[in-house]
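Participant: What follows is work.cif; its format and atoms are mmCIF, C-alpha atoms.
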data_structure
#
loop_
_atom_site.label_atom_id
_atom_site.label_comp_id
_atom_site.auth_asym_id
_atom_site.auth_seq_id
_atom_site.Cartn_x
_atom_site.Cartn_y
_atom_site.Cartn_z
CA MET A 1 0.00 0.00 0.00
CA ALA A 2 1.32 3.42 -0.93
CA PHE A 3 2.24 5.94 1.72
CA ASN A 4 -0.69 8.27 2.30
CA TYR A 5 1.17 11.55 2.61
CA LYS A 6 -2.04 13.46 3.35
CA LYS A 7 -2.32 11.65 6.67
CA SER A 8 1.31 12.20 7.59
CA ILE A 9 2.33 14.55 10.37
CA THR A 10 4.97 16.15 8.17
CA PHE A 11 2.34 17.03 5.55
CA ARG A 12 0.17 18.61 8.27
CA LEU A 13 3.26 20.48 9.49
CA VAL A 14 3.92 21.84 5.98
CA GLN A 15 0.28 22.88 5.60
CA ALA A 16 0.31 24.59 9.01
CA ALA A 17 3.55 26.38 8.13
CA LYS A 18 2.06 27.62 4.84
CA ALA A 19 -1.05 28.87 6.62
CA GLN A 20 1.06 30.55 9.29
CA ARG A 21 3.24 32.28 6.70
CA ALA A 22 0.22 33.51 4.76
CA ARG A 23 -1.47 34.84 7.89
CA ALA A 24 1.78 36.38 9.14
CA GLY A 25 2.21 38.00 5.73
CA ALA A 26 -1.21 39.61 6.00
CA HIS A 27 -0.43 41.00 9.46
CA LEU A 28 3.04 42.18 8.44
CA MET A 29 1.79 43.83 5.26
CA ARG A 30 -0.31 46.15 7.44
CA ILE A 31 2.89 47.47 9.04
CA GLY A 32 4.90 47.63 5.81
CA LEU A 33 6.92 44.41 6.09
CA HIS A 34 7.23 41.12 4.22
CA PRO A 35 7.58 37.75 6.00
CA GLY A 36 11.13 37.28 7.20
CA GLN A 37 11.88 40.99 7.55
CA GLU A 38 10.37 41.03 11.02
CA LEU A 39 12.92 38.44 12.14
CA VAL A 40 15.77 40.70 11.07
CA LEU A 41 14.31 43.50 13.17
CA LYS A 42 13.80 41.20 16.17
CA VAL A 43 17.36 39.83 15.95
CA LEU A 44 18.75 43.37 15.79
CA ALA A 45 16.53 44.41 18.69
CA ASP A 46 18.14 41.60 20.69
CA GLY A 47 21.64 42.69 19.70
CA ASP A 48 22.14 45.74 17.53
CA GLY A 49 25.26 46.15 15.40
CA ARG A 50 25.61 42.62 14.08
CA THR A 51 27.60 41.80 10.98
CA MET A 52 25.93 40.33 7.92
CA SER A 53 27.47 36.93 8.74
CA GLN A 54 26.15 37.08 12.29
CA LEU A 55 22.68 37.96 10.98
CA ALA A 56 22.78 35.09 8.48
CA LEU A 57 23.72 32.67 11.24
CA ALA A 58 21.06 33.98 13.63
CA LEU A 59 18.36 33.83 10.94
CA GLY A 60 19.45 30.47 9.53
CA VAL A 61 19.78 31.81 5.97
CA GLN A 62 22.56 32.33 3.46
CA PRO A 63 24.52 35.62 3.42
CA PRO A 64 23.12 36.74 0.02
CA THR A 65 19.61 36.45 1.48
CA VAL A 66 20.60 38.70 4.37
CA THR A 67 22.17 41.21 1.99
CA LYS A 68 18.93 41.40 0.02
CA MET A 69 16.83 41.78 3.18
CA ILE A 70 19.10 44.47 4.64
CA THR A 71 19.10 46.37 1.35
CA ARG A 72 15.29 46.44 1.36
CA LEU A 73 15.00 47.31 5.05
CA SER A 74 17.60 50.04 4.60
CA ALA A 75 15.67 51.51 1.66
CA GLN A 76 12.58 51.58 3.91
CA GLY A 77 14.58 53.41 6.58
CA PHE A 78 14.36 50.68 9.23
CA VAL A 79 18.04 49.74 9.39
CA ARG A 80 21.37 51.31 8.51
CA ARG A 81 24.71 49.79 7.58
CA GLN A 82 27.90 51.12 9.06
CA VAL A 83 31.43 50.07 8.21
CA SER A 84 33.16 48.60 11.24
CA ASP A 85 35.60 50.90 13.04
CA THR A 86 38.04 48.03 13.59
CA ASP A 87 37.75 46.19 10.25
CA GLY A 88 36.87 48.11 7.10
CA ARG A 89 35.80 44.90 5.38
CA LEU A 90 32.94 44.38 7.83
CA ALA A 91 29.63 46.20 7.79
CA ARG A 92 27.52 46.26 10.91
CA VAL A 93 23.75 46.65 10.80
CA PHE A 94 21.85 48.84 13.23
CA LEU A 95 18.18 49.59 13.76
CA THR A 96 17.13 53.14 13.04
CA ASP A 97 14.68 54.89 15.36
CA SER A 98 11.82 54.00 13.01
CA GLY A 99 13.06 50.40 12.90
CA ARG A 100 13.14 50.28 16.69
CA ASP A 101 9.59 51.68 16.80
CA LEU A 102 8.49 49.08 14.25
CA VAL A 103 9.67 46.25 16.53
CA GLN A 104 6.76 47.08 18.84
CA SER A 105 4.34 46.69 15.92
CA VAL A 106 6.00 43.38 15.04
CA ASP A 107 5.43 42.20 18.61
CA LYS A 108 1.75 43.13 18.37
CA ALA A 109 1.41 41.31 15.04
CA TRP A 110 3.11 38.19 16.47
CA LYS A 111 0.87 38.23 19.55
CA ARG A 112 -2.20 38.49 17.33
CA LEU A 113 -0.96 35.66 15.13
CA GLU A 114 -0.23 33.54 18.21
CA ARG A 115 -3.78 34.09 19.50
CA GLU A 116 -5.24 33.14 16.11
CA ALA A 117 -3.05 30.05 15.73
CA MET A 118 -3.68 28.77 19.24
CA SER A 119 -7.41 29.46 19.31
CA GLY A 120 -9.24 26.47 20.75
CA LEU A 121 -6.16 25.03 22.48
CA ASP A 122 -5.90 25.15 26.26
CA ASP A 123 -2.66 26.02 28.05
CA LYS A 124 -1.74 22.36 28.56
CA ASP A 125 -2.10 21.62 24.84
CA ARG A 126 -0.14 24.76 23.91
CA LYS A 127 2.76 23.75 26.14
CA LYS A 128 2.71 20.21 24.78
CA LEU A 129 2.61 21.45 21.19
CA ARG A 130 5.53 23.82 21.82
CA LYS A 131 7.53 20.94 23.33
CA LEU A 132 6.69 18.60 20.45
CA LEU A 133 7.56 21.18 17.82
CA ARG A 134 10.91 21.80 19.52
CA GLN A 135 11.60 18.07 19.31
CA VAL A 136 10.59 17.93 15.63
CA GLU A 137 12.85 20.91 14.94
CA LYS A 138 15.72 19.20 16.77
CA ASN A 139 15.12 15.94 14.90
CA LEU A 140 15.14 17.67 11.55
CA SER A 141 18.19 19.76 12.39
CA VAL A 142 20.48 16.75 12.84
CA ALA A 143 21.96 14.79 9.99
CA VAL A 144 19.68 11.97 8.92
CA ASP A 145 21.38 8.68 8.25
CA ASP A 146 20.33 6.41 5.44
CA ASP A 147 19.83 3.30 7.56
CA PRO A 148 17.02 1.31 5.87
CA GLU A 149 15.97 -0.05 9.28
CA HIS A 150 14.70 3.44 10.16
CA GLU A 151 12.00 3.05 7.50
CA SER A 152 10.15 0.86 9.99
CA ASP A 153 10.02 3.84 12.38
CA PHE A 154 7.34 5.41 10.19
CA ASP A 155 3.71 4.68 10.87
CA THR A 156 0.54 6.02 9.36
CA ASP A 157 -2.75 7.09 10.82
CA GLU A 158 -4.26 4.16 8.94
CA GLU A 159 -2.63 1.76 11.38
CA ALA A 160 -4.36 3.46 14.25
CA ASP A 161 -7.56 4.16 12.32
CA ASP A 162 -8.26 0.65 11.05
CA GLY A 163 -8.57 -0.77 14.55
CA LYS A 164 -7.16 -4.12 13.44
CA GLY A 165 -3.66 -3.44 14.75
CA LYS A 166 -1.96 -5.17 11.85
CA GLU A 167 1.23 -3.72 10.45
CA LYS A 168 1.19 -2.13 7.05
CA GLU A 169 4.18 -1.62 4.86
CA LEU A 170 5.06 1.71 3.43
CA ALA A 171 5.82 1.76 -0.23
CA VAL A 172 9.13 3.44 -0.76
CA ALA A 173 9.42 5.25 -4.05
#
Go through the file and emit its structure as structure tokens.

Facilitator:
Amino acid sequence: MAFNYKKSITFRLVQAAKAQRARAGAHLMRIGLHPGQELVLKVLADGDGRTMSQLALALGVQPPTVTKMITRLSAQGFVRRQVSDTDGRLARVFLTDSGRDLVQSVDKAWKRLEREAMSGLDDKDRKKLRKLLRQVEKNLSVAVDDDPEHESDFDTDEEADDGKGKEKELAVA
């Protein structure tokens, strides 16, 4: 029997991530930002004056992506680049006053998004979900080995749904 990806947790995770990004985009558009730009502002709010390499590392993206984001945020007047006093090859990025003010709007947008996303979940479920998502993130952040025995680690909702308790094989493409 073929793997039913629509019942997989990873498919649900992808769908939830897409929905979150779309909703976040709608909230951020109201304050003049695109998804991802708010993270740059938040990282700089936590530690102003980072280099492009430090920003790339903190954001988990490639340096060219950071360069593009900083260029756009700079054109909007939210950040400024300054050549390092100690190393002329390095540029440090700082929030402007308007960028610093915008961080408060980002916080409000994130709080609203959090309320929308967690609607209908009690505190216990929210804590459990946060813990589970941290574990999924950790699992996906480590190198995955190609041990074929790990294929048996996968299960499908069908195994639980059919009530018969018999094992089903996953078709590997």

Participant: Each residue of range 11-33 of chain A with at least one atom at most 9 Å from range 103-127 of chain A should appear once, together with its nearest atom pair and the corresponding distance in Å (one decimal); atoms considered: only C-alpha atoms; ordering: chain, then increasing residue number; output as a Markdown table.

Facilitator:
| residue | atom | partner | partner_atom | distance |
| --- | --- | --- | --- | --- |
| A:Gln20 | CA | A:Ala117 | CA | 7.7 |
| A:Arg23 | CA | A:Leu113 | CA | 7.3 |
| A:Ala24 | CA | A:Leu113 | CA | 6.6 |
| A:His27 | CA | A:Ala109 | CA | 5.9 |
| A:Leu28 | CA | A:Ala109 | CA | 6.9 |
| A:Ile31 | CA | A:Ser105 | CA | 7.1 |

Participant: If we count all atoms listed in the file and set the cut-off at 9 Å, which residues sit around Ser98 in chain A, ignoring sequence neighbours fewer than 4 positions away in its own chain? Please answer as an MDAnalysis selection string.

Facilitator: chainID A and resid 77:79 102:103

Participant: When you draw a straight line from CA of Val61 in chain A to CA of Leu73 in chain A, how long is it in Å?

Facilitator: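 Taking CA of Val61 in chain A as the start and CA of Leu73 in chain A as the end point, the length is 16.2 Å.
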
Participant: Grab the CA of Asn139 in chain A to CA of Pro64 in chain A distance for me, in Å with one decimal place.

Facilitator: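 If I compute the distance from CA of Asn139 in chain A to CA of Pro64 in chain A, I get 26.8 Å.
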
Participant: What lies within 12 Å of Val83 in chain A using all atoms listed in the file, ignoring chain neighbours under 2 positions off, as a ChimeraX atom specification?

Facilitator: /A:49-52,80-81,85-94

Participant: Could you tell me how far CA of Gly60 in chain A sits from CA of Lys6 in chain A, in Å to one decimal place?

Facilitator: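 CA of Gly60 in chain A lies at a distance of 28.1 Å from CA of Lys6 in chain A.
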
Participant: Mind telling me what the PyMOL selection byres ((chain A and resi 10) around 12) catches here, as a ChimeraX atom specification?

Facilitator: /A:4-9,11-17,133,136-137,140,154-156

Participant: Measuring atom to atom with all atoms listed in the file, identify which of A:Ala26, A:Val142, A:Leu95, A:Leu132 is nearest to Ile70 in chain A.

Facilitator: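 Among A:Ala26, A:Val142, A:Leu95, A:Leu132, it is A:Leu95 that comes nearest to Ile70 in chain A.
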